[in-house]
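Quick look at start07.cif (mmCIF, C-alpha atoms):
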```cif
data_target
#
loop_
_atom_site.label_atom_id
_atom_site.label_comp_id
_atom_site.auth_asym_id
_atom_site.auth_seq_id
_atom_site.Cartn_x
_atom_site.Cartn_y
_atom_site.Cartn_z
CA MET A 1 0.00 0.00 0.00
CA THR A 2 1.34 3.46 -0.87
CA SER A 3 1.90 6.13 1.77
CA ASP A 4 -1.12 7.98 0.41
CA GLY A 5 -3.18 4.83 0.79
CA VAL A 6 -1.96 4.34 4.36
CA SER A 7 -2.89 7.93 5.19
CA HIS A 8 -6.29 7.50 3.58
CA VAL A 9 -7.07 4.34 5.55
CA ALA A 10 -6.14 5.93 8.88
CA SER A 11 -8.08 9.11 8.14
CA ASN A 12 -11.25 7.11 7.44
CA VAL A 13 -11.63 6.17 11.10
CA GLN A 14 -14.62 7.84 12.74
CA LEU A 15 -16.03 7.41 16.25
CA ARG A 16 -19.68 6.35 16.09
CA GLN A 17 -21.79 8.31 18.57
CA LEU A 18 -23.69 5.27 19.84
CA PRO A 19 -22.72 1.63 20.42
CA TYR A 20 -23.37 -0.59 17.39
CA PRO A 21 -26.01 -1.32 16.17
CA TYR A 22 -28.19 1.04 18.18
CA ARG A 23 -29.61 4.28 16.83
CA ALA A 24 -30.63 5.80 20.16
CA MET A 25 -29.87 5.35 23.86
CA LEU A 26 -32.21 5.54 26.84
CA ALA A 27 -32.01 5.19 30.61
CA ILE A 28 -35.16 4.97 32.70
CA CYS A 29 -34.03 7.12 35.64
CA SER A 30 -36.57 6.51 38.39
CA ASP A 31 -36.80 8.34 41.69
CA LEU A 32 -38.21 5.96 44.29
CA ASP A 33 -40.60 8.49 45.87
CA GLU A 34 -43.72 6.87 47.34
CA THR A 35 -42.59 3.32 46.63
CA PRO A 36 -44.60 1.56 49.35
CA ASP A 37 -42.34 -1.34 50.37
CA ARG A 38 -39.49 -3.62 49.38
CA GLN A 39 -41.86 -6.13 47.76
CA ALA A 40 -43.14 -3.57 45.25
CA TYR A 41 -39.60 -2.32 44.63
CA TRP A 42 -38.30 -5.84 43.96
CA GLU A 43 -41.23 -6.77 41.70
CA ILE A 44 -40.67 -3.66 39.59
CA MET A 45 -37.01 -4.50 39.20
CA ARG A 46 -37.65 -8.17 38.40
CA PHE A 47 -40.18 -7.30 35.71
CA LEU A 48 -37.87 -4.80 34.04
CA ASN A 49 -34.59 -6.71 34.28
CA THR A 50 -35.46 -10.40 33.90
CA ASN A 51 -37.63 -12.73 31.85
CA GLU A 52 -39.04 -14.35 34.98
CA THR A 53 -42.74 -14.68 35.71
CA THR A 54 -43.93 -11.66 37.70
CA ALA A 55 -47.22 -10.18 38.85
CA MET A 56 -47.32 -8.32 35.49
CA GLY A 57 -46.53 -11.41 33.42
CA PRO A 58 -43.14 -12.39 31.95
CA GLY A 59 -40.42 -9.83 32.54
CA VAL A 60 -39.15 -7.77 29.61
CA GLY A 61 -35.42 -8.39 30.01
CA LEU A 62 -34.22 -4.80 29.84
CA GLU A 63 -31.38 -3.20 31.81
CA VAL A 64 -32.94 -0.66 34.18
CA GLY A 65 -31.53 0.87 37.34
CA ASN A 66 -33.20 2.44 40.35
CA SER A 67 -32.46 4.83 43.19
CA ILE A 68 -32.28 4.73 46.97
CA TYR A 69 -32.43 7.17 49.88
CA PHE A 70 -32.13 6.76 53.62
CA ASP A 71 -34.03 9.03 56.01
CA MET A 72 -37.70 9.11 55.03
CA PRO A 73 -41.14 8.97 56.73
CA PRO A 74 -42.06 5.39 57.71
CA GLU A 75 -44.76 4.86 55.07
CA GLN A 76 -42.19 5.01 52.22
CA PHE A 77 -39.60 2.44 51.24
CA ALA A 78 -36.13 3.66 52.19
CA TYR A 79 -32.92 2.08 53.45
CA TRP A 80 -33.43 2.84 57.14
CA ASN A 81 -37.17 2.07 56.95
CA THR A 82 -36.97 -1.44 55.59
CA ASP A 83 -35.96 -4.63 57.37
CA ASP A 84 -32.67 -6.54 57.23
CA TYR A 85 -33.82 -8.48 54.15
CA GLY A 86 -34.68 -5.22 52.39
CA ARG A 87 -31.30 -3.73 53.25
CA ARG A 88 -29.53 -6.83 51.90
CA MET A 89 -31.60 -6.47 48.72
CA VAL A 90 -30.46 -2.86 48.34
CA GLN A 91 -26.83 -3.76 48.97
CA THR A 92 -26.96 -6.57 46.42
CA LEU A 93 -28.58 -4.38 43.76
CA ILE A 94 -26.03 -1.62 44.30
CA ARG A 95 -23.15 -4.06 43.90
CA SER A 96 -24.69 -5.47 40.70
CA GLY A 97 -25.18 -1.96 39.26
CA HIS A 98 -29.01 -2.10 39.32
CA ILE A 99 -29.31 0.54 42.02
CA ASP A 100 -27.11 3.28 40.64
CA CYS A 101 -28.50 6.57 42.00
CA LEU A 102 -28.48 8.18 45.45
CA HIS A 103 -31.69 10.20 45.63
CA SER A 104 -30.43 12.66 48.25
CA TYR A 105 -30.33 11.38 51.81
CA GLY A 106 -34.08 11.82 52.22
CA ASP A 107 -36.65 14.27 53.58
CA LEU A 108 -35.62 13.71 57.18
CA ALA A 109 -31.87 14.05 56.60
CA THR A 110 -31.10 17.61 57.65
CA THR A 111 -27.55 17.49 58.99
CA ARG A 112 -24.05 16.42 58.03
CA ALA A 113 -24.36 13.60 60.57
CA HIS A 114 -27.24 12.07 58.58
CA ALA A 115 -25.09 12.04 55.45
CA ARG A 116 -22.08 10.60 57.27
CA ARG A 117 -24.18 7.78 58.75
CA ALA A 118 -25.52 6.80 55.31
CA LEU A 119 -22.09 6.95 53.65
CA ASP A 120 -20.53 4.88 56.42
CA GLU A 121 -23.22 2.24 55.88
CA LEU A 122 -22.61 2.15 52.13
CA ALA A 123 -18.85 1.87 52.61
CA ARG A 124 -19.27 -0.87 55.23
CA TYR A 125 -20.98 -3.11 52.68
CA ASP A 126 -18.76 -2.11 49.73
CA CYS A 127 -21.62 -0.31 48.01
CA ARG A 128 -20.49 2.35 45.56
CA LEU A 129 -22.76 4.87 43.86
CA GLU A 130 -21.62 7.57 41.43
CA VAL A 131 -24.91 9.32 40.56
CA TRP A 132 -26.64 11.86 42.79
CA ILE A 133 -30.23 13.02 42.23
CA ASP A 134 -31.73 15.96 44.17
CA HIS A 135 -35.03 15.04 45.82
CA ALA A 136 -38.10 17.27 46.25
CA ALA A 137 -37.08 19.95 48.75
CA ALA A 138 -34.57 17.88 50.73
CA ALA A 139 -32.08 19.94 52.71
CA THR A 140 -29.20 17.86 51.37
CA ASN A 141 -29.93 18.81 47.73
CA PHE A 142 -27.24 20.61 45.75
CA ASP A 143 -29.23 22.95 43.52
CA PRO A 144 -29.96 26.52 44.76
CA LEU A 145 -32.25 27.60 41.89
CA ILE A 146 -34.73 24.74 41.44
CA MET A 147 -34.32 22.24 44.28
CA TYR A 148 -33.37 24.76 47.01
CA GLY A 149 -30.68 22.61 48.60
CA HIS A 150 -27.91 23.35 51.07
CA GLY A 151 -25.76 20.26 50.62
CA ASP A 152 -22.85 22.19 49.09
CA GLU A 153 -23.04 25.28 51.35
CA VAL A 154 -20.00 24.96 53.58
CA ARG A 155 -21.47 26.81 56.56
CA HIS A 156 -24.89 25.12 56.51
CA GLU A 157 -25.70 22.32 58.96
CA ALA A 158 -26.72 20.11 55.99
CA TYR A 159 -23.36 20.54 54.23
CA HIS A 160 -22.00 17.21 53.01
CA ALA A 161 -20.59 17.76 49.51
CA ASP A 162 -17.00 17.08 50.59
CA LEU A 163 -18.05 13.75 52.13
CA THR A 164 -20.33 12.74 49.27
CA MET A 165 -17.99 13.67 46.43
CA GLY A 166 -15.10 12.11 48.36
CA TYR A 167 -17.14 8.91 48.60
CA GLY A 168 -17.29 8.78 44.80
CA ILE A 169 -20.24 10.73 43.38
CA ARG A 170 -19.32 12.02 39.89
CA TYR A 171 -22.67 12.89 38.31
CA VAL A 172 -25.39 15.10 39.80
CA TRP A 173 -28.93 15.98 38.77
CA ARG A 174 -30.11 19.34 40.08
CA GLY A 175 -33.68 19.57 38.84
CA ARG A 176 -33.29 20.25 35.12
CA VAL A 177 -35.84 18.48 32.91
CA THR A 178 -36.63 19.06 29.25
CA SER A 179 -39.60 18.17 27.05
CA ILE A 180 -37.37 17.81 23.98
CA ILE A 181 -37.02 14.23 22.77
CA GLY A 182 -33.35 13.29 22.56
CA GLN A 183 -30.28 15.09 23.94
CA ASP A 184 -26.73 15.50 22.62
CA VAL A 185 -28.29 16.25 19.23
CA PRO A 186 -29.64 19.55 17.87
CA ALA A 187 -32.79 20.58 19.77
CA ARG A 188 -35.99 19.93 17.82
CA LEU A 189 -39.40 20.90 19.16
CA GLY A 190 -41.42 18.44 17.08
CA GLY A 191 -43.38 15.98 19.18
CA ILE A 192 -44.28 18.42 21.96
CA PHE A 193 -47.45 19.96 20.52
CA ASN A 194 -50.44 17.61 20.51
CA TRP A 195 -53.51 18.50 18.43
CA SER A 196 -55.73 16.51 20.80
CA HIS A 197 -54.59 18.71 23.69
CA PRO A 198 -53.80 22.08 22.09
CA VAL A 199 -53.91 24.26 25.22
CA ALA A 200 -51.81 22.10 27.55
CA SER A 201 -49.32 21.03 24.87
CA GLY A 202 -49.11 24.58 23.53
CA ARG A 203 -48.16 25.75 27.01
CA THR A 204 -45.47 23.06 27.20
CA LEU A 205 -44.12 24.08 23.80
CA PHE A 206 -44.04 27.74 24.83
CA LYS A 207 -42.07 26.86 27.98
CA GLU A 208 -39.44 25.00 25.98
CA ILE A 209 -39.10 27.90 23.55
CA ALA A 210 -38.71 30.24 26.52
CA LYS A 211 -36.01 28.02 28.04
CA GLN A 212 -34.09 28.11 24.76
CA ARG A 213 -34.28 31.90 24.56
CA LEU A 214 -33.32 32.38 28.19
CA ALA A 215 -30.33 30.09 27.71
CA ARG A 216 -29.14 32.11 24.73
CA SER A 217 -29.44 35.31 26.76
CA GLY A 218 -27.09 33.91 29.41
CA ASN A 219 -29.59 32.69 32.01
CA LYS A 220 -27.74 30.26 34.32
CA LYS A 221 -30.83 28.30 35.32
CA TYR A 222 -31.54 27.20 31.75
CA ALA A 223 -28.01 27.09 30.32
CA MET A 224 -28.14 23.32 29.69
CA HIS A 225 -31.35 23.68 27.67
CA GLY A 226 -29.70 25.99 25.16
CA LEU A 227 -27.26 23.37 23.90
CA ASN A 228 -29.64 20.45 24.58
CA GLU A 229 -26.72 18.66 26.20
CA ILE A 230 -26.95 15.57 28.38
CA LEU A 231 -23.88 16.44 30.50
CA ARG A 232 -21.87 19.49 31.44
CA PRO A 233 -18.96 20.05 33.85
CA ILE A 234 -19.84 22.14 36.89
CA MET A 235 -18.42 23.26 40.20
CA LEU A 236 -20.60 22.93 43.27
CA ARG A 237 -20.74 25.90 45.59
CA ASP A 238 -17.95 24.49 47.76
CA GLY A 239 -15.69 24.10 44.73
CA SER A 240 -16.21 20.35 44.21
CA PRO A 241 -16.05 19.35 40.53
CA ALA A 242 -18.84 17.21 39.07
CA TYR A 243 -20.85 16.56 35.93
CA GLU A 244 -24.44 17.73 35.88
CA PHE A 245 -26.93 15.85 33.72
CA MET A 246 -30.34 16.73 32.37
CA ARG A 247 -33.38 14.45 32.33
CA CYS A 248 -36.29 14.37 29.91
CA ASN A 249 -40.04 13.93 30.21
CA PRO A 250 -41.47 14.34 26.69
CA HIS A 251 -45.15 14.15 27.71
CA TRP A 252 -47.23 16.87 26.02
CA GLY A 253 -48.55 18.00 29.42
CA GLY A 254 -45.13 19.13 30.60
CA VAL A 255 -42.15 17.82 32.53
CA THR A 256 -44.16 17.09 35.68
CA SER A 257 -46.99 15.33 33.83
CA CYS A 258 -47.34 11.52 33.89
CA GLU A 259 -43.90 11.08 35.51
CA GLU A 260 -45.15 8.00 37.35
CA GLY A 261 -45.09 4.26 36.84
CA ARG A 262 -48.88 4.17 36.56
CA HIS A 263 -48.76 6.64 33.63
CA ILE A 264 -45.50 5.71 31.90
CA GLY A 265 -47.47 4.18 29.03
CA ASP A 266 -48.49 7.72 28.08
CA VAL A 267 -44.81 8.72 27.87
CA LEU A 268 -43.07 5.72 26.28
CA THR A 269 -45.26 5.87 23.18
CA SER A 270 -44.42 4.57 19.72
CA ASP A 271 -44.19 8.15 18.45
CA MET A 272 -41.78 9.15 21.22
CA LEU A 273 -39.50 6.15 20.63
CA ASP A 274 -39.58 6.62 16.85
CA ARG A 275 -38.59 10.27 17.20
CA LEU A 276 -35.75 9.36 19.55
CA VAL A 277 -34.41 6.88 16.99
CA GLU A 278 -34.90 9.23 14.04
CA ARG A 279 -32.92 11.94 15.84
CA GLY A 280 -30.21 9.56 17.05
CA GLY A 281 -30.66 11.02 20.52
CA ILE A 282 -29.82 10.09 24.08
CA CYS A 283 -32.49 10.23 26.78
CA VAL A 284 -32.39 10.01 30.58
CA LEU A 285 -36.09 9.59 31.27
CA TYR A 286 -37.48 11.34 34.35
CA THR A 287 -40.02 9.20 36.19
CA HIS A 288 -41.15 7.63 39.49
CA LEU A 289 -41.82 3.96 38.86
CA GLY A 290 -42.93 3.29 42.45
CA LYS A 291 -45.92 5.61 42.23
CA THR A 292 -48.50 2.93 41.57
CA ASP A 293 -52.20 2.27 42.14
CA ASP A 294 -51.66 -1.33 43.31
CA PRO A 295 -48.44 -2.28 45.14
CA ARG A 296 -49.10 -5.97 44.41
CA ILE A 297 -49.23 -5.28 40.64
CA PRO A 298 -47.11 -2.15 40.23
CA PHE A 299 -47.67 -1.64 36.48
CA ASN A 300 -51.05 -1.51 34.76
CA GLN A 301 -51.55 -3.03 31.33
CA THR A 302 -50.84 0.24 29.52
CA ALA A 303 -47.49 0.47 31.25
CA VAL A 304 -46.75 -3.19 30.58
CA ARG A 305 -47.44 -2.73 26.86
CA ALA A 306 -45.14 0.29 26.80
CA PHE A 307 -42.29 -1.66 28.36
CA ARG A 308 -42.84 -4.56 25.94
CA ARG A 309 -42.70 -2.06 23.06
CA LEU A 310 -39.43 -0.68 24.43
CA ALA A 311 -38.09 -4.22 24.85
CA GLU A 312 -38.77 -4.91 21.17
CA ASP A 313 -36.70 -1.85 20.24
CA PHE A 314 -33.93 -2.92 22.61
CA HIS A 315 -33.71 -6.55 21.56
CA GLY A 316 -34.16 -5.52 17.92
CA GLY A 317 -31.04 -3.33 18.06
CA ARG A 318 -32.77 0.08 17.73
CA ILE A 319 -32.55 1.58 21.24
CA LEU A 320 -29.88 0.70 23.78
CA VAL A 321 -31.62 0.63 27.17
CA THR A 322 -29.26 0.78 30.12
CA THR A 323 -28.82 2.21 33.60
CA THR A 324 -28.31 5.90 34.28
CA ARG A 325 -24.74 5.36 35.48
CA ARG A 326 -23.73 3.36 32.41
CA LEU A 327 -25.33 5.86 30.05
CA LEU A 328 -23.63 8.84 31.69
CA GLY A 329 -20.26 7.10 31.78
CA TYR A 330 -20.53 6.30 28.10
CA CYS A 331 -21.58 9.88 27.25
CA LEU A 332 -18.61 11.27 29.15
CA ALA A 333 -16.24 8.84 27.44
CA ILE A 334 -17.53 9.61 23.94
CA HIS A 335 -16.78 13.31 24.49
CA ALA A 336 -13.50 12.94 26.37
CA VAL A 337 -11.83 9.89 24.82
CA SER A 338 -8.45 10.40 23.18
CA TYR A 339 -7.41 8.16 20.29
CA ASP A 340 -5.36 8.08 17.10
CA SER A 341 -5.08 5.64 14.23
CA HIS A 342 -2.25 4.36 12.06
CA TRP A 343 -1.38 1.54 9.66
CA ASN A 344 1.01 -0.95 11.33
CA GLY A 345 1.91 -2.71 8.10
CA GLN A 346 -0.82 -5.32 8.30
CA LYS A 347 -3.79 -3.73 10.00
CA LEU A 348 -5.35 -0.42 10.80
CA CYS A 349 -4.65 0.16 14.50
CA ILE A 350 -6.80 2.45 16.64
CA ALA A 351 -4.94 3.45 19.82
CA ILE A 352 -7.02 4.67 22.78
CA ASN A 353 -5.13 6.35 25.59
CA THR A 354 -7.15 6.83 28.79
CA GLN A 355 -4.27 8.68 30.47
CA ASN A 356 -4.74 11.44 27.92
CA SER A 357 -8.52 11.34 28.24
CA LYS A 358 -8.98 13.70 31.16
CA THR A 359 -12.24 15.03 32.56
CA SER A 360 -12.95 17.49 35.35
CA VAL A 361 -13.36 14.55 37.75
CA GLY A 362 -10.34 12.50 36.62
CA SER A 363 -9.45 10.08 33.86
CA VAL A 364 -12.03 8.14 31.88
CA PRO A 365 -12.44 4.71 33.55
CA SER A 366 -11.75 1.79 31.22
CA ASP A 367 -15.20 0.32 31.92
CA ASP A 368 -16.79 3.41 30.41
CA LEU A 369 -15.12 2.63 27.08
CA ARG A 370 -17.40 -0.38 26.65
CA GLY A 371 -19.57 0.02 23.60
CA LEU A 372 -17.22 2.44 21.83
CA THR A 373 -17.61 1.87 18.11
CA PHE A 374 -15.39 3.08 15.28
CA TYR A 375 -16.34 3.25 11.63
CA VAL A 376 -13.46 1.74 9.63
CA PRO A 377 -12.84 0.84 5.98
CA ASP A 378 -12.47 -2.88 6.79
CA SER A 379 -13.60 -4.29 10.13
CA THR A 380 -11.66 -7.53 9.57
CA ALA A 381 -8.35 -5.69 9.18
CA THR A 382 -8.52 -3.52 12.28
CA CYS A 383 -7.17 -3.77 15.82
CA VAL A 384 -7.79 -1.58 18.86
CA THR A 385 -5.47 -0.98 21.79
CA ILE A 386 -6.15 0.67 25.16
CA ASN A 387 -3.06 2.16 26.75
CA GLY A 388 -0.91 -0.03 24.50
CA ARG A 389 -2.70 -3.32 25.18
CA GLU A 390 -4.64 -4.89 22.35
CA VAL A 391 -8.35 -5.45 22.94
CA ALA A 392 -9.18 -9.15 22.86
CA ASN A 393 -12.36 -10.32 21.17
CA LEU A 394 -12.86 -7.10 19.25
CA GLN A 395 -16.35 -7.08 17.78
CA CYS A 396 -16.39 -6.79 13.98
CA ASN A 397 -19.67 -5.35 12.75
CA ASP A 398 -21.51 -5.56 9.46
CA PRO A 399 -22.51 -2.26 7.83
CA ASP A 400 -25.21 -0.41 9.77
CA HIS A 401 -27.93 1.87 8.43
CA THR A 402 -25.24 4.24 7.08
CA GLY A 403 -23.72 1.46 4.98
CA ARG A 404 -20.38 1.59 6.83
CA PRO A 405 -18.72 -1.31 8.69
CA SER A 406 -17.32 -0.81 12.17
CA VAL A 407 -15.56 -2.38 15.13
CA SER A 408 -16.72 -2.22 18.75
CA LEU A 409 -15.59 -2.83 22.27
CA ALA A 410 -18.11 -5.27 23.68
CA TRP A 411 -21.06 -3.93 25.70
CA PRO A 412 -21.85 -6.73 28.18
CA LEU A 413 -25.19 -6.63 29.98
CA LEU A 414 -25.29 -6.43 33.74
CA ALA A 415 -26.06 -9.74 35.45
CA TYR A 416 -29.23 -9.43 37.51
CA PRO A 417 -28.70 -10.92 40.97
CA GLN A 418 -30.74 -13.17 43.20
CA VAL A 419 -31.41 -12.02 46.75
#
```
Would you put the structure from the file into structure tokens?
Amino acid sequence: MTSDGVSHVASNVQLRQLPYPYRAMLAICSDLDETPDRQAYWEIMRFLNTNETTAMGPGVGLEVGNSIYFDMPPEQFAYWNTDDYGRRMVQTLIRSGHIDCLHSYGDLATTRAHARRALDELARYDCRLEVWIDHAAAATNFDPLIMYGHGDEVRHEAYHADLTMGYGIRYVWRGRVTSIIGQDVPARLGGIFNWSHPVASGRTLFKEIAKQRLARSGNKKYAMHGLNEILRPIMLRDGSPAYEFMRCNPHWGGVTSCEEGRHIGDVLTSDMLDRLVERGGICVLYTHLGKTDDPRIPFNQTAVRAFRRLAEDFHGGRILVTTTRRLLGYCLAIHAVSYDSHWNGQKLCIAINTQNSKTSVGSVPSDDLRGLTFYVPDSTATCVTINGREVANLQCNDPDHTGRPSVSLAWPLLAYPQV
């Protein structure tokens, strides 16, 4: 091959935005508010993550995470409220990656001591969480503009950011929700207005337009909406670095409409999923799966049909459904990863260097590289290395909808545990 040919081969490498073969990516990011007990929590998780027989019928075999908090009123499921079996369930699901979000420390956690007690418990059982989600009006929240928290105010009695970020939190949600279907792609307002509900959907559309305009004028509260980005680097008020993420509820009634398990069938519609795929977007769906009409059968038939529809898209290779933590880690890696390509005489070699892939919270973890896909001229004549070590079992892919072949680092599914 001539030097020009070598240069041409190497220059034809392109990083695919989503893992092959998927055309969109979605995480069902559920706050556990009002989940009645550990039985309902477990049944929800079994239905979503396994193919076992459940109260709603056979499970749908997706990969869906959940959240946990600690200090809550006794009528709600929470870590300190449940029994020893429930706490072992939580610990097991955290270690497997199926509980991946800390939903503040709870309504009744008002001091640094509450946070320290919860973190000590998590560390005692080797339970690591990297995603923080502000909750209602909890004192330990981080956001000052929407969620009215004090968790990162150094002089406040609820200050805990140094402890929590030191424990390992990297990603924070501070109340920002959009109605736009699909993030990390250009913002498109189609799908918000609904002719069957012109007043309510028109109001929702107007709000999104206003958020866009406010963002462009420099408004801090809506800055993320302007770029329609899924992640952005931030500094908490105590100077702690983190990545803030935005969630989405595309229901025509607005971001606080139908954000419940009993109404999720009105959100995960065929039209919504088709638009997400058509736009090639990424979505962290805002919802509360534990808000149900019947704790014994948490999802009604409309919700069950919606999840089965989503499962068809997942198993059919259209939408990659995963946990919030895995989605955010992948999104950070796709933006921060450092790589180059060259011809080694026999193959095209793509060299990934995680030491050079720095973020505001450290290097990109190797696990977050899973799913990375590169368009290449010939998938059978390509190798990939990470920090100089060749990737074993590189996945060679047939041409996708663009007509281009590719290679991928494998995206293994999480193994759902038994308790």
>> To test your reading of the syntax: which residues would the PyMOL selection byres ((chain A and resi 48) around 6) return for the file shown? Reply as a list in words.
In response: Met45, Arg46, Phe47, Asn49, Gly59, Val60, Gly61 and Leu62 of chain A
>> Starting from the PyMOL selection byres ((chain A and resi 150) around 10), expand the selection into actual residues of this file and give them as number ranges by chain.
In response: A: 110-111, 138-144, 147-149, 151-161, 237
>> Starting from the PyMOL selection byres ((chain A and resi 15-32) around 6), expand the selection into actual residues of this file and give them as a list in words.
In response: Gln14, Asp33, Thr35, Asn66, Ser67, Val277, Gly280, Gly281, Ile282, Cys283, Val284, Leu285, Tyr286, Thr287, His288, Leu289, Gly290, Gly317, Arg318, Ile319, Leu320, Val321, Thr322, Thr323, Thr324, Gly371, Leu372, Thr373 and Phe374 of chain A
>> For a test of reading the model, state the distance in Å between atom CA of A:Val199 and atom CA of A:Cys258, rounded to one decimal.
In response: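 Computed distance, atom CA of A:Val199 to atom CA of A:Cys258, equals 16.8 Å.
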> Quick one: residues within 12 Å of A:Gly388, all atoms listed in the file counted, chain neighbours fewer than 6 positions away excluded, as an NGL selection string?
Replying inline: :A and (339-340 or 349-355)
> Just how far from atom CA of A:Val255 is atom CA of A:Ala210, in Å to one decimal?
Replying inline: 14.2 Å
> What residues have an atom no more than 12 Å from (-49.9, -5.3, 29.1) in the file's own frame, counting all atoms listed in the file, and can you write them as a list in words?
Replying inline: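 It turns out the residues near that spot are Phe47, Ala55, Met56, Gly57, Pro58, Gly59, Val60, Gly265, Ile297, Pro298, Phe299, Asn300, Gln301, Thr302, Ala303, Val304, Arg305, Ala306, Phe307, Arg308 and Arg309 of chain A.
Pairwise distance (atom CA of A:Asp238, atom CA of A:Ser217) equals 26.3 Å.
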> In terms of the shortest atom-to-atom distance over only C-alpha atoms, which of A:Tyr330, A:Phe70, A:Phe245, A:Phe206 is closest to A:Asn228?
Replying inline: A:Phe245
> For A:Val185, which residue out of A:Val267, A:Met235, A:Leu276, A:Leu119 is the nearest one, using all atoms listed in the file?
Replying inline: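 Counting all atoms listed in the file, the residue closest to A:Val185 is A:Leu276.
Within 6 Å of A:Gly106, once all atoms listed in the file are used and residues closer than 5 positions along the same chain are dropped, the contacting residues are Tyr69, Phe70, Asp71 and Met72 of chain A.
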> Nearest to A:Ala333: which of A:Leu163, A:Val384, A:Leu369, A:Ile99 is it, counting all atoms listed in the file?
Replying inline: A:Leu369
